[in-house]
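*Asks:* Next up, coords00.cif (mmCIF, C-alpha atoms).
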data_final
#
loop_
_atom_site.label_atom_id
_atom_site.label_comp_id
_atom_site.auth_asym_id
_atom_site.auth_seq_id
_atom_site.Cartn_x
_atom_site.Cartn_y
_atom_site.Cartn_z
CA MET Z 1 -74.78 -48.14 15.65
CA THR Z 2 -77.32 -49.39 18.17
CA LEU Z 3 -79.97 -46.90 19.20
CA LYS Z 4 -81.57 -46.90 22.60
CA ILE Z 5 -84.94 -48.59 23.10
CA SER Z 6 -86.96 -47.68 26.17
CA GLU Z 7 -87.57 -50.36 28.77
CA ARG Z 8 -91.24 -49.33 28.72
CA GLY Z 9 -91.73 -51.39 25.58
CA ARG Z 10 -90.30 -54.52 27.14
CA VAL Z 11 -93.45 -55.42 29.05
CA PRO Z 12 -94.70 -58.99 28.49
CA PRO Z 13 -96.98 -59.60 25.50
CA PHE Z 14 -100.72 -60.03 25.80
CA LEU Z 15 -100.65 -63.80 25.18
CA VAL Z 16 -104.28 -64.09 24.13
CA MET Z 17 -103.42 -61.98 21.08
CA ASP Z 18 -100.68 -64.46 20.22
CA VAL Z 19 -103.28 -67.23 20.45
CA LEU Z 20 -105.56 -65.24 18.15
CA ARG Z 21 -102.74 -64.84 15.62
CA ALA Z 22 -102.00 -68.59 15.70
CA ALA Z 23 -105.71 -69.36 15.31
CA SER Z 24 -105.98 -66.98 12.36
CA GLU Z 25 -102.96 -68.59 10.70
CA ARG Z 26 -104.60 -71.99 11.12
CA GLU Z 27 -107.72 -70.68 9.41
CA VAL Z 28 -105.67 -69.26 6.52
CA ARG Z 29 -104.25 -72.76 6.01
CA GLY Z 30 -107.80 -74.12 5.79
CA GLY Z 31 -108.16 -75.35 9.36
CA ASN Z 32 -111.34 -74.90 11.35
CA VAL Z 33 -111.14 -72.98 14.64
CA LEU Z 34 -113.64 -72.50 17.44
CA HIS Z 35 -112.73 -69.10 18.90
CA MET Z 36 -112.98 -69.06 22.70
CA GLU Z 37 -109.82 -67.04 23.30
CA ILE Z 38 -110.97 -63.45 22.80
CA GLY Z 39 -113.37 -61.72 25.17
CA GLN Z 40 -115.54 -59.82 22.78
CA PRO Z 41 -119.25 -60.00 21.89
CA SER Z 42 -120.10 -61.76 18.66
CA ARG Z 43 -123.10 -59.47 18.14
CA GLY Z 44 -123.07 -56.05 16.56
CA VAL Z 45 -124.91 -52.93 17.69
CA PRO Z 46 -128.71 -52.83 17.44
CA ALA Z 47 -130.12 -51.71 14.11
CA ALA Z 48 -131.43 -48.44 15.56
CA VAL Z 49 -127.93 -47.51 16.73
CA ALA Z 50 -126.47 -48.26 13.29
CA GLU Z 51 -129.23 -46.22 11.64
CA ALA Z 52 -128.48 -43.21 13.83
CA VAL Z 53 -124.80 -43.45 12.90
CA SER Z 54 -125.67 -43.75 9.21
CA HIS Z 55 -127.89 -40.68 9.41
CA GLU Z 56 -125.12 -38.72 11.09
CA LEU Z 57 -122.56 -39.75 8.48
CA LEU Z 58 -124.86 -38.79 5.60
CA SER Z 59 -125.70 -35.43 7.16
CA GLY Z 60 -122.44 -33.93 5.97
CA ASP Z 61 -121.28 -33.10 9.48
CA PRO Z 62 -117.46 -32.84 9.39
CA MET Z 63 -117.11 -35.13 12.40
CA GLY Z 64 -114.53 -32.92 14.01
CA TYR Z 65 -112.96 -33.13 17.43
CA THR Z 66 -115.14 -32.98 20.50
CA MET Z 67 -114.17 -31.76 23.93
CA ALA Z 68 -111.57 -34.00 25.56
CA GLN Z 69 -114.27 -35.10 28.03
CA GLY Z 70 -116.69 -36.13 25.28
CA ILE Z 71 -119.94 -34.62 24.09
CA PRO Z 72 -122.29 -33.31 26.80
CA ALA Z 73 -125.21 -35.40 25.56
CA LEU Z 74 -123.30 -38.63 26.14
CA ARG Z 75 -121.98 -37.58 29.54
CA ARG Z 76 -125.54 -36.75 30.62
CA ARG Z 77 -126.78 -40.14 29.44
CA ILE Z 78 -124.03 -41.92 31.37
CA ALA Z 79 -124.94 -39.97 34.51
CA ALA Z 80 -128.62 -40.82 34.03
CA HIS Z 81 -127.66 -44.47 33.59
CA ALA Z 82 -125.80 -44.36 36.93
CA ARG Z 83 -128.92 -43.07 38.64
CA ALA Z 84 -131.13 -45.72 37.02
CA SER Z 85 -128.72 -48.62 37.61
CA TYR Z 86 -127.21 -47.84 41.02
CA GLY Z 87 -129.30 -45.06 42.54
CA VAL Z 88 -126.24 -42.78 42.40
CA ASP Z 89 -126.78 -39.07 41.81
CA LEU Z 90 -123.81 -38.45 39.51
CA ASP Z 91 -122.82 -35.02 38.23
CA PRO Z 92 -122.16 -35.33 34.46
CA GLU Z 93 -119.09 -33.14 34.98
CA ARG Z 94 -117.45 -36.10 36.71
CA VAL Z 95 -117.93 -38.28 33.62
CA PHE Z 96 -114.96 -38.34 31.25
CA CYS Z 97 -115.20 -40.25 27.96
CA THR Z 98 -112.10 -41.99 26.64
CA MET Z 99 -110.77 -43.98 23.70
CA GLY Z 100 -111.87 -47.28 25.18
CA SER Z 101 -111.21 -48.49 28.70
CA SER Z 102 -107.55 -49.07 27.77
CA ALA Z 103 -107.01 -45.33 27.40
CA ALA Z 104 -108.99 -44.82 30.59
CA PHE Z 105 -106.59 -47.07 32.52
CA LEU Z 106 -103.57 -45.25 31.11
CA ILE Z 107 -104.92 -41.80 31.94
CA ALA Z 108 -106.13 -42.86 35.37
CA PHE Z 109 -102.79 -44.44 36.28
CA LEU Z 110 -100.82 -41.44 35.02
CA SER Z 111 -103.04 -39.07 36.98
CA ALA Z 112 -103.30 -40.99 40.23
CA PHE Z 113 -99.81 -42.47 40.64
CA ALA Z 114 -96.21 -41.30 40.42
CA PRO Z 115 -93.18 -43.34 39.33
CA GLY Z 116 -92.15 -45.56 42.21
CA ASP Z 117 -95.66 -45.84 43.66
CA ARG Z 118 -97.03 -49.30 44.42
CA VAL Z 119 -100.48 -50.50 43.36
CA ALA Z 120 -102.09 -53.73 44.56
CA LEU Z 121 -104.21 -55.96 42.35
CA ALA Z 122 -105.64 -59.46 42.38
CA SER Z 123 -103.86 -62.34 40.70
CA PRO Z 124 -105.27 -63.88 38.55
CA GLY Z 125 -106.34 -60.64 36.91
CA TYR Z 126 -106.39 -58.72 33.65
CA PRO Z 127 -102.76 -58.56 32.42
CA ALA Z 128 -102.91 -55.03 31.03
CA TYR Z 129 -103.22 -53.67 34.58
CA ARG Z 130 -99.74 -54.97 35.40
CA HIS Z 131 -98.23 -54.09 32.08
CA ILE Z 132 -99.52 -50.50 31.92
CA LEU Z 133 -98.48 -49.87 35.52
CA THR Z 134 -95.02 -51.21 34.78
CA ALA Z 135 -94.70 -49.13 31.61
CA VAL Z 136 -95.43 -45.91 33.52
CA GLY Z 137 -93.00 -46.75 36.32
CA VAL Z 138 -95.48 -47.95 38.93
CA GLU Z 139 -94.88 -51.24 40.75
CA PRO Z 140 -97.70 -53.82 40.62
CA VAL Z 141 -98.16 -55.66 43.93
CA LEU Z 142 -99.88 -58.98 43.30
CA LEU Z 143 -102.48 -60.26 45.75
CA PRO Z 144 -102.89 -64.02 45.21
CA VAL Z 145 -106.60 -64.84 45.31
CA GLY Z 146 -108.47 -68.12 45.08
CA PRO Z 147 -111.67 -69.94 45.98
CA GLU Z 148 -111.46 -68.92 49.64
CA THR Z 149 -112.26 -65.29 48.70
CA ARG Z 150 -114.10 -66.07 45.45
CA PHE Z 151 -111.03 -64.85 43.54
CA GLN Z 152 -111.44 -61.30 44.85
CA PRO Z 153 -109.22 -59.15 47.12
CA THR Z 154 -110.24 -58.27 50.68
CA PRO Z 155 -109.33 -55.42 53.05
CA GLU Z 156 -107.43 -57.94 55.18
CA MET Z 157 -105.03 -58.56 52.31
CA LEU Z 158 -104.07 -54.88 52.38
CA GLU Z 159 -103.33 -54.76 56.10
CA GLY Z 160 -99.66 -54.01 56.60
CA LEU Z 161 -99.01 -53.41 52.89
CA ASP Z 162 -97.39 -50.15 51.82
CA VAL Z 163 -99.41 -49.39 48.69
CA ASP Z 164 -100.70 -46.24 47.03
CA GLY Z 165 -103.52 -47.82 45.10
CA LEU Z 166 -105.73 -50.86 44.61
CA ILE Z 167 -107.39 -52.14 41.44
CA VAL Z 168 -110.56 -54.23 41.75
CA ALA Z 169 -112.65 -55.73 38.97
CA SER Z 170 -116.19 -56.93 39.46
CA PRO Z 171 -117.09 -58.86 37.35
CA SER Z 172 -113.50 -59.94 36.89
CA ASN Z 173 -111.50 -60.97 33.89
CA PRO Z 174 -110.52 -63.87 33.76
CA THR Z 175 -112.60 -65.42 36.52
CA GLY Z 176 -116.01 -63.81 36.11
CA SER Z 177 -116.26 -63.54 39.90
CA MET Z 178 -117.93 -60.56 41.56
CA LEU Z 179 -117.76 -58.58 44.78
CA PRO Z 180 -121.11 -58.47 46.58
CA PRO Z 181 -122.21 -54.89 47.39
CA GLU Z 182 -121.15 -55.15 51.03
CA ALA Z 183 -117.70 -56.45 50.06
CA LEU Z 184 -117.11 -53.64 47.55
CA GLN Z 185 -118.27 -51.13 50.17
CA ALA Z 186 -115.82 -52.53 52.73
CA ILE Z 187 -112.93 -52.26 50.27
CA ALA Z 188 -113.92 -48.77 49.10
CA GLU Z 189 -114.21 -47.42 52.65
CA PHE Z 190 -110.97 -49.09 53.73
CA CYS Z 191 -109.08 -47.50 50.84
CA HIS Z 192 -110.60 -44.05 51.32
CA GLU Z 193 -109.84 -44.00 55.05
CA ARG Z 194 -106.21 -44.97 54.47
CA GLY Z 195 -105.45 -42.75 51.50
CA ILE Z 196 -105.29 -45.63 49.01
CA ARG Z 197 -106.60 -44.68 45.57
CA LEU Z 198 -109.19 -47.26 44.51
CA ILE Z 199 -109.52 -48.00 40.78
CA SER Z 200 -112.72 -49.95 40.11
CA ASP Z 201 -112.93 -51.75 36.76
CA GLU Z 202 -116.64 -52.03 35.97
CA ILE Z 203 -116.46 -52.74 32.24
CA TYR Z 204 -118.49 -55.96 32.54
CA HIS Z 205 -121.37 -54.33 34.35
CA GLY Z 206 -124.64 -55.37 32.74
CA ILE Z 207 -123.32 -58.88 32.11
CA THR Z 208 -124.23 -60.54 35.40
CA TYR Z 209 -126.17 -63.65 36.37
CA GLY Z 210 -128.20 -63.16 39.51
CA MET Z 211 -125.74 -61.14 41.59
CA THR Z 212 -126.21 -57.38 41.77
CA ALA Z 213 -123.40 -55.24 40.40
CA SER Z 214 -122.49 -52.23 42.52
CA THR Z 215 -120.39 -49.22 41.66
CA ALA Z 216 -117.54 -47.90 43.80
CA THR Z 217 -118.88 -44.39 43.19
CA ALA Z 218 -121.67 -45.21 45.65
CA PHE Z 219 -119.23 -45.97 48.46
CA SER Z 220 -116.24 -43.64 48.07
CA PRO Z 221 -115.73 -40.03 46.96
CA SER Z 222 -112.10 -40.76 46.05
CA ALA Z 223 -112.59 -43.89 43.91
CA VAL Z 224 -111.99 -43.88 40.16
CA VAL Z 225 -114.46 -45.94 38.13
CA ILE Z 226 -113.65 -47.24 34.66
CA ASN Z 227 -116.33 -48.50 32.29
CA SER Z 228 -116.62 -49.25 28.61
CA PHE Z 229 -119.01 -49.60 25.70
CA SER Z 230 -117.08 -52.65 24.47
CA LYS Z 231 -118.66 -55.49 26.42
CA TYR Z 232 -122.32 -55.05 27.39
CA TYR Z 233 -122.90 -52.58 24.53
CA CYS Z 234 -121.17 -54.78 21.91
CA MET Z 235 -118.93 -51.94 20.68
CA THR Z 236 -115.40 -53.32 21.00
CA GLY Z 237 -114.09 -51.86 17.75
CA TRP Z 238 -115.69 -48.47 18.34
CA ARG Z 239 -113.05 -47.75 21.01
CA LEU Z 240 -115.11 -45.85 23.55
CA GLY Z 241 -115.10 -45.97 27.34
CA TRP Z 242 -115.55 -43.62 30.26
CA LEU Z 243 -114.22 -42.64 33.65
CA VAL Z 244 -116.14 -41.48 36.71
CA LEU Z 245 -113.66 -39.23 38.47
CA PRO Z 246 -113.31 -37.70 41.92
CA GLU Z 247 -113.16 -33.91 41.95
CA ASP Z 248 -109.40 -33.73 42.53
CA MET Z 249 -108.63 -35.64 39.34
CA LEU Z 250 -110.84 -33.77 36.87
CA ARG Z 251 -108.30 -31.23 35.64
CA PRO Z 252 -105.26 -33.56 35.65
CA VAL Z 253 -107.15 -36.12 33.58
CA GLU Z 254 -108.37 -33.43 31.20
CA CYS Z 255 -104.86 -32.12 30.58
CA LEU Z 256 -103.46 -35.58 29.97
CA ALA Z 257 -106.30 -36.57 27.65
CA GLN Z 258 -105.97 -33.36 25.64
CA ASN Z 259 -102.32 -34.09 24.98
CA LEU Z 260 -102.43 -37.86 24.58
CA PHE Z 261 -105.67 -38.38 22.66
CA ILE Z 262 -107.29 -34.95 21.96
CA SER Z 263 -110.78 -36.49 22.17
CA PRO Z 264 -112.67 -39.77 21.89
CA PRO Z 265 -113.99 -40.82 18.45
CA THR Z 266 -116.88 -38.54 17.56
CA ILE Z 267 -118.94 -41.09 15.61
CA SER Z 268 -118.61 -43.60 18.44
CA GLN Z 269 -120.01 -41.06 20.87
CA VAL Z 270 -123.01 -40.48 18.60
CA ALA Z 271 -123.66 -44.22 18.56
CA ALA Z 272 -123.26 -44.55 22.32
CA VAL Z 273 -125.94 -41.93 23.04
CA GLN Z 274 -128.40 -44.06 21.12
CA ALA Z 275 -127.25 -47.30 22.77
CA PHE Z 276 -128.86 -46.33 26.07
CA ASP Z 277 -132.29 -46.54 24.38
CA ARG Z 278 -131.74 -50.21 23.47
CA LEU Z 279 -131.03 -51.84 26.82
CA ASP Z 280 -133.74 -54.46 26.24
CA GLU Z 281 -131.85 -55.72 23.20
CA TYR Z 282 -128.57 -55.87 25.11
CA ASP Z 283 -130.26 -57.71 27.97
CA ALA Z 284 -131.42 -60.32 25.45
CA VAL Z 285 -127.78 -60.82 24.45
CA VAL Z 286 -126.86 -61.30 28.11
CA ARG Z 287 -129.51 -64.01 28.44
CA GLY Z 288 -127.70 -65.79 25.62
CA TYR Z 289 -124.43 -65.51 27.56
CA ALA Z 290 -126.16 -67.05 30.57
CA ARG Z 291 -127.23 -70.05 28.51
CA ASN Z 292 -123.69 -70.39 27.14
CA ARG Z 293 -122.26 -70.22 30.65
CA ASP Z 294 -124.45 -73.07 31.84
CA LEU Z 295 -123.65 -75.16 28.77
CA LEU Z 296 -119.91 -74.62 29.21
CA VAL Z 297 -119.72 -75.20 32.97
CA GLN Z 298 -121.78 -78.37 32.68
CA GLY Z 299 -119.87 -79.52 29.62
CA LEU Z 300 -116.46 -78.97 31.22
CA ALA Z 301 -117.56 -80.83 34.34
CA GLY Z 302 -118.49 -83.75 32.14
CA ILE Z 303 -114.93 -83.97 30.79
CA GLY Z 304 -113.24 -83.63 34.16
CA MET Z 305 -112.72 -79.86 34.42
CA THR Z 306 -114.70 -79.37 37.61
CA ARG Z 307 -112.58 -76.78 39.40
CA VAL Z 308 -113.64 -73.44 37.94
CA ALA Z 309 -113.89 -69.95 39.37
CA PRO Z 310 -117.46 -68.78 40.06
CA PRO Z 311 -118.66 -67.15 36.80
CA ASP Z 312 -120.98 -64.59 38.42
CA GLY Z 313 -120.63 -62.23 35.46
CA ALA Z 314 -118.69 -61.35 32.29
CA PHE Z 315 -118.36 -64.20 29.78
CA TYR Z 316 -115.42 -66.29 30.95
CA VAL Z 317 -114.76 -69.59 32.68
CA TYR Z 318 -111.37 -69.87 34.37
CA ALA Z 319 -110.62 -73.55 34.79
CA ASP Z 320 -107.96 -75.39 36.77
CA VAL Z 321 -106.31 -77.91 34.44
CA SER Z 322 -103.42 -78.98 36.67
CA HIS Z 323 -104.71 -82.57 36.63
CA LEU Z 324 -103.86 -82.80 32.93
CA GLY Z 325 -100.14 -82.55 33.65
CA LEU Z 326 -99.24 -79.93 31.04
CA ASP Z 327 -98.26 -76.30 31.34
CA SER Z 328 -101.20 -74.12 30.26
CA ALA Z 329 -99.26 -72.60 27.33
CA ASP Z 330 -98.43 -76.06 25.98
CA LEU Z 331 -101.97 -77.26 26.62
CA CYS Z 332 -103.49 -74.32 24.73
CA ARG Z 333 -101.06 -74.79 21.85
CA ARG Z 334 -101.96 -78.47 21.49
CA MET Z 335 -105.66 -77.78 21.98
CA LEU Z 336 -105.57 -75.41 19.01
CA ASP Z 337 -103.33 -77.56 16.81
CA GLU Z 338 -105.01 -80.90 17.50
CA ALA Z 339 -108.62 -80.04 18.38
CA GLY Z 340 -109.14 -76.67 16.70
CA VAL Z 341 -110.25 -75.00 19.95
CA ALA Z 342 -108.62 -71.67 20.80
CA VAL Z 343 -108.48 -70.66 24.48
CA ALA Z 344 -106.20 -68.42 26.57
CA PRO Z 345 -103.41 -69.75 28.82
CA GLY Z 346 -103.48 -68.81 32.49
CA TRP Z 347 -100.01 -67.24 32.24
CA ASP Z 348 -101.68 -64.16 30.78
CA PHE Z 349 -103.58 -63.58 34.01
CA ASP Z 350 -101.31 -65.04 36.69
CA PRO Z 351 -97.52 -64.70 36.21
CA VAL Z 352 -96.86 -67.01 39.17
CA GLY Z 353 -99.35 -69.87 39.00
CA GLY Z 354 -100.82 -69.39 35.54
CA GLY Z 355 -99.41 -72.66 34.25
CA GLN Z 356 -102.25 -74.51 35.93
CA SER Z 357 -105.27 -72.71 34.47
CA ILE Z 358 -106.87 -71.73 31.16
CA ARG Z 359 -109.61 -69.26 30.27
CA PHE Z 360 -112.57 -70.00 28.02
CA SER Z 361 -114.64 -67.16 26.56
CA TYR Z 362 -118.28 -68.04 25.92
CA SER Z 363 -119.23 -64.75 24.25
CA GLY Z 364 -119.91 -66.49 20.92
CA SER Z 365 -122.74 -68.78 19.91
CA ALA Z 366 -124.20 -71.71 21.82
CA SER Z 367 -123.19 -73.97 18.95
CA THR Z 368 -119.56 -72.92 19.41
CA VAL Z 369 -119.71 -73.89 23.09
CA ILE Z 370 -121.40 -77.22 22.41
CA THR Z 371 -119.04 -78.16 19.58
CA ALA Z 372 -115.97 -77.13 21.59
CA VAL Z 373 -116.94 -79.42 24.47
CA GLU Z 374 -117.56 -82.27 22.03
CA ARG Z 375 -114.15 -81.79 20.44
CA LEU Z 376 -112.42 -81.68 23.82
CA ARG Z 377 -114.26 -84.81 24.95
CA ASP Z 378 -112.88 -86.64 21.91
CA TRP Z 379 -109.41 -85.09 22.17
CA LEU Z 380 -108.54 -85.31 25.87
CA PRO Z 381 -108.13 -89.13 25.91
CA ARG Z 382 -105.44 -88.69 23.23
CA LEU Z 383 -103.63 -85.93 25.12
CA GLY Z 384 -101.04 -88.21 26.65
CA GLY Z 385 -100.27 -89.97 23.40
#
Could you quickly redo this structure as structure tokens?

*Replies:*
Amino acid sequence: MTLKISERGRVPPFLVMDVLRAASEREVRGGNVLHMEIGQPSRGVPAAVAEAVSHELLSGDPMGYTMAQGIPALRRRIAAHARASYGVDLDPERVFCTMGSSAAFLIAFLSAFAPGDRVALASPGYPAYRHILTAVGVEPVLLPVGPETRFQPTPEMLEGLDVDGLIVASPSNPTGSMLPPEALQAIAEFCHERGIRLISDEIYHGITYGMTASTATAFSPSAVVINSFSKYYCMTGWRLGWLVLPEDMLRPVECLAQNLFISPPTISQVAAVQAFDRLDEYDAVVRGYARNRDLLVQGLAGIGMTRVAPPDGAFYVYADVSHLGLDSADLCRRMLDEAGVAVAPGWDFDPVGGGQSIRFSYSGSASTVITAVERLRDWLPRLGG
């Protein structure tokens, strides 16, 4: 007897996780790997944050459920951070904490869109947008972007499209490109005026290099903002993110979160409250990313990879490798097997033209970046052999 399996589970895999598995298997066999495939900080939380968590654990508190929205202290700190960072007067009641930004995307999509709706998003872009939308019965509408728009969508791309929503990411994964404040404002106002729900992915805010990051909350009362403690705050495994919601979505999101997740992790929320007191330490980490970015961009240019998206923020370089004559999946496989450098194929981020690009993450150490470029410089001449 064959039992039914839902089509929801037949979304494409997240290929970077397959690369990570292959890299880990290589390490088990004794091979050396330079990890530039996964976008996660290599640093842990500041000592003061860890100490606060330790104190809480030793206090004997049962660490029970919190409200679905998260603890009030954390929601107030997030609102205060919005005022300090963007000049936005944000009511803490509009802040909704989640089990990472992944849960935030799921809840936001379920709340904002119905099966059969159509949501536009840039390509290349983060693959989970497409896959989550597809799993909940919403059609992703890809907007091909490139150097002419700095790999970001524009209002002109939406003209004449029948869509119910738009996802923007600034800084973006995989390109690292950003929307200047005036560009984000133009998109936010366009969407609000036309009844298009804007979802603004701001999880890489704080990790920027010269360009100012703006929040969609400043420009639209109907936009949904998604942020996370994973990237700037170095808390990937703590699984904590947050939403900034418009008034009409507060109760729908609450009901969904209560049933799907009950509440975010309590201990992670305790840590996150303390994290806001350590921004100077996080900014020092970002300065390290900036050095890595410069090392990588210059190093790649020296080995012929000169066509890269503008890495205004985040910790990625998205490079055009079409001149090498291999599909990106094959190139990444050989790069790992023969040079011990793990990177992500462009197919993860662009289901149409992803065979021509690869993504490097420079969130690790400077020595990893330097050694990776050296290995590729030695390996590339042998690629055709």

*Asks:* Between CA of Val163 in chain Z and CA of Gly9 in chain Z, measure the distance and give it in Å to one decimal.

*Replies:*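 Value for the CA of Val163 in chain Z-CA of Gly9 in chain Z distance: 24.4 Å.
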
*Asks:* Taking 6 positions as the minimum chain separation for residues in the same chain, which residues sit within 6 Å of range 132-147 of chain Z when counting all atoms listed in the file? Answer as a list in words.

*Replies:*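 The filter keeps Arg8, Pro115, Gly116, Asp117, Arg118, Val119, Ala120, Leu121, Ala122 and Ser123 of chain Z.
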
*Asks:* Using the chain letters and numbers from the file, give me the residues hit by the PyMOL selection byres ((chain Z and resi 191) around 9), as a tab-separated table (two decimals) with C-alpha atoms, keeping the file's coordinate frame.

*Replies:*
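Saved as selection-v5.tsv:
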chain	number	residue	atom	x	y	z
Z	155	PRO	CA	-109.33	-55.42	53.05
Z	165	GLY	CA	-103.52	-47.82	45.10
Z	166	LEU	CA	-105.73	-50.86	44.61
Z	186	ALA	CA	-115.82	-52.53	52.73
Z	187	ILE	CA	-112.93	-52.26	50.27
Z	188	ALA	CA	-113.92	-48.77	49.10
Z	189	GLU	CA	-114.21	-47.42	52.65
Z	190	PHE	CA	-110.97	-49.09	53.73
Z	192	HIS	CA	-110.60	-44.05	51.32
Z	193	GLU	CA	-109.84	-44.00	55.05
Z	194	ARG	CA	-106.21	-44.97	54.47
Z	195	GLY	CA	-105.45	-42.75	51.50
Z	196	ILE	CA	-105.29	-45.63	49.01
Z	197	ARG	CA	-106.60	-44.68	45.57
Z	198	LEU	CA	-109.19	-47.26	44.51
Z	220	SER	CA	-116.24	-43.64	48.07
Z	222	SER	CA	-112.10	-40.76	46.05
Z	223	ALA	CA	-112.59	-43.89	43.91

*Asks:* Applying the PyMOL selection byres ((chain Z and resi 231) around 12) to the file I just gave you, which residues come out? Please list them as a ChimeraX atom specification.

*Replies:* /Z:38-45,100-101,171,173,202-208,227-230,232-241,282-283,285-286,289,313-315,363

*Asks:* May I have the residues at most 9 Å from (-112.1, -35.6, 42.0) in the file's coordinates, counting all atoms listed in the file, as a PyMOL selection string?

*Replies:* chain Z and resi 94+221-224+244-251

*Asks:* So the first atom is CA of Phe276 in chain Z and the second is CA of Ile71 in chain Z; what is the distance between them in Å, to one decimal place?

*Replies:*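 Between CA of Phe276 in chain Z and CA of Ile71 in chain Z the gap is 14.9 Å.
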
*Asks:* Care to translate the PyMOL selection byres ((chain Z and resi 319) around 8) into actual residues of this file, as a ChimeraX atom specification?

*Replies:* /Z:305-309,317-318,320-321,357-360

*Asks:* Please produce a file of those selected residues containing C-alpha atoms, as a PDB file, in the coordinates of the input.

*Replies:*
ATOM      1  CA  MET Z 305    -112.720 -79.860  34.420  1.00  0.00           C
ATOM      2  CA  THR Z 306    -114.700 -79.370  37.610  1.00  0.00           C
ATOM      3  CA  ARG Z 307    -112.580 -76.780  39.400  1.00  0.00           C
ATOM      4  CA  VAL Z 308    -113.640 -73.440  37.940  1.00  0.00           C
ATOM      5  CA  ALA Z 309    -113.890 -69.950  39.370  1.00  0.00           C
ATOM      6  CA  VAL Z 317    -114.760 -69.590  32.680  1.00  0.00           C
ATOM      7  CA  TYR Z 318    -111.370 -69.870  34.370  1.00  0.00           C
ATOM      8  CA  ASP Z 320    -107.960 -75.390  36.770  1.00  0.00           C
ATOM      9  CA  VAL Z 321    -106.310 -77.910  34.440  1.00  0.00           C
ATOM     10  CA  SER Z 357    -105.270 -72.710  34.470  1.00  0.00           C
ATOM     11  CA  ILE Z 358    -106.870 -71.730  31.160  1.00  0.00           C
ATOM     12  CA  ARG Z 359    -109.610 -69.260  30.270  1.00  0.00           C
ATOM     13  CA  PHE Z 360    -112.570 -70.000  28.020  1.00  0.00           C
TER      14      PHE Z 360
END

*Asks:* Pick from Z:Tyr209, Z:Trp379, Z:Tyr86, Z:Trp347: nearest to Val16 in chain Z, with only C-alpha atoms counted?

*Replies:*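 Smallest distance to Val16 in chain Z is found for Z:Trp347.
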
*Asks:* I'd like the interatomic distance between CA of Ser54 in chain Z and CA of Ala79 in chain Z, to a tenth of an Å.

*Replies:*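 Interatomic distance here is 25.6 Å.
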
*Asks:* Which polymer residues have any atom within 10 Å of an atom of range 259-261 of chain Z, counting all atoms listed in the file, with same-chain residues fewer than 4 positions away left out, as a list in words?

*Replies:* Ala68, Thr98, Met99, Ala103, Leu106, Ile107, Glu254, Cys255 and Pro265 of chain Z

*Asks:* Looking at Z:Leu243, Z:Ile303, Z:Leu90, Z:Leu184, which one is nearest to Thr154 in chain Z, with distances taken over only C-alpha atoms?

*Replies:*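 Result for the nearest residue to Thr154 in chain Z: Z:Leu184.
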
*Asks:* Name the closest residue to Gly210 in chain Z among the candidates Z:Gly353, Z:Pro311, Z:Pro153, Z:Gly288; distances are taken between atoms, counting all atoms listed in the file.

*Replies:*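 Closest residue, counting all atoms listed in the file: Z:Pro311.
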
*Asks:* Could you give me, as a compact mmCIF listing (two decimals) with C-alpha atoms, keeping the file's coordinate frame, the residues within 10 Å of Ala82 in chain Z, counting all atoms listed in the file and dropping anything in the same chain fewer than 5 positions from it?

*Replies:*
# COMPACT_ATOMS: atom_id res chain seq x y z
CA ARG Z 76 -125.54 -36.75 30.62
CA ARG Z 77 -126.78 -40.14 29.44
CA GLY Z 87 -129.30 -45.06 42.54
CA VAL Z 88 -126.24 -42.78 42.40
CA ASP Z 89 -126.78 -39.07 41.81
CA LEU Z 90 -123.81 -38.45 39.51
CA ASP Z 91 -122.82 -35.02 38.23
CA THR Z 215 -120.39 -49.22 41.66
CA THR Z 217 -118.88 -44.39 43.19
CA ALA Z 218 -121.67 -45.21 45.65

*Asks:* Counting all atoms listed in the file, which of Z:Leu295, Z:Gln274, Z:Glu37, Z:His131 gets nearest to Ala366 in chain Z?

*Replies:*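 Nearest to Ala366 in chain Z: Z:Leu295.
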
*Asks:* For each of Z:Leu179, Z:Ala344, Z:Ile370, Z:Leu383, take the minimum atom-to-atom distance to Ala23 in chain Z, counting all atoms listed in the file, then give the residue where this is smallest.

*Replies:*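 Under the stated criterion, the closest residue is Z:Ala344.
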
*Asks:* From the options Z:Met17, Z:Leu331, Z:Leu279, Z:Leu376, which residue's atoms come nearest to Ala84 in chain Z, counting only C-alpha atoms?

*Replies:*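 Result for the nearest residue to Ala84 in chain Z: Z:Leu279.
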
*Asks:* Would you list the residues near (-109.2, -50.4, 36.1), meaning any protein, DNA or RNA residue with an atom at most 9 Å from that point in file coordinates, counting all atoms listed in the file, as a list in words?

*Replies:*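 Residues satisfying the cut-off, written out: Ser101, Ser102, Ala104, Phe105, Ala108, Phe109, Tyr129, Ile167, Val168, Ala169, Leu198, Ile199, Ser200, Asp201, Glu202, Ile203, Val224, Val225, Ile226 and Asn227 of chain Z.
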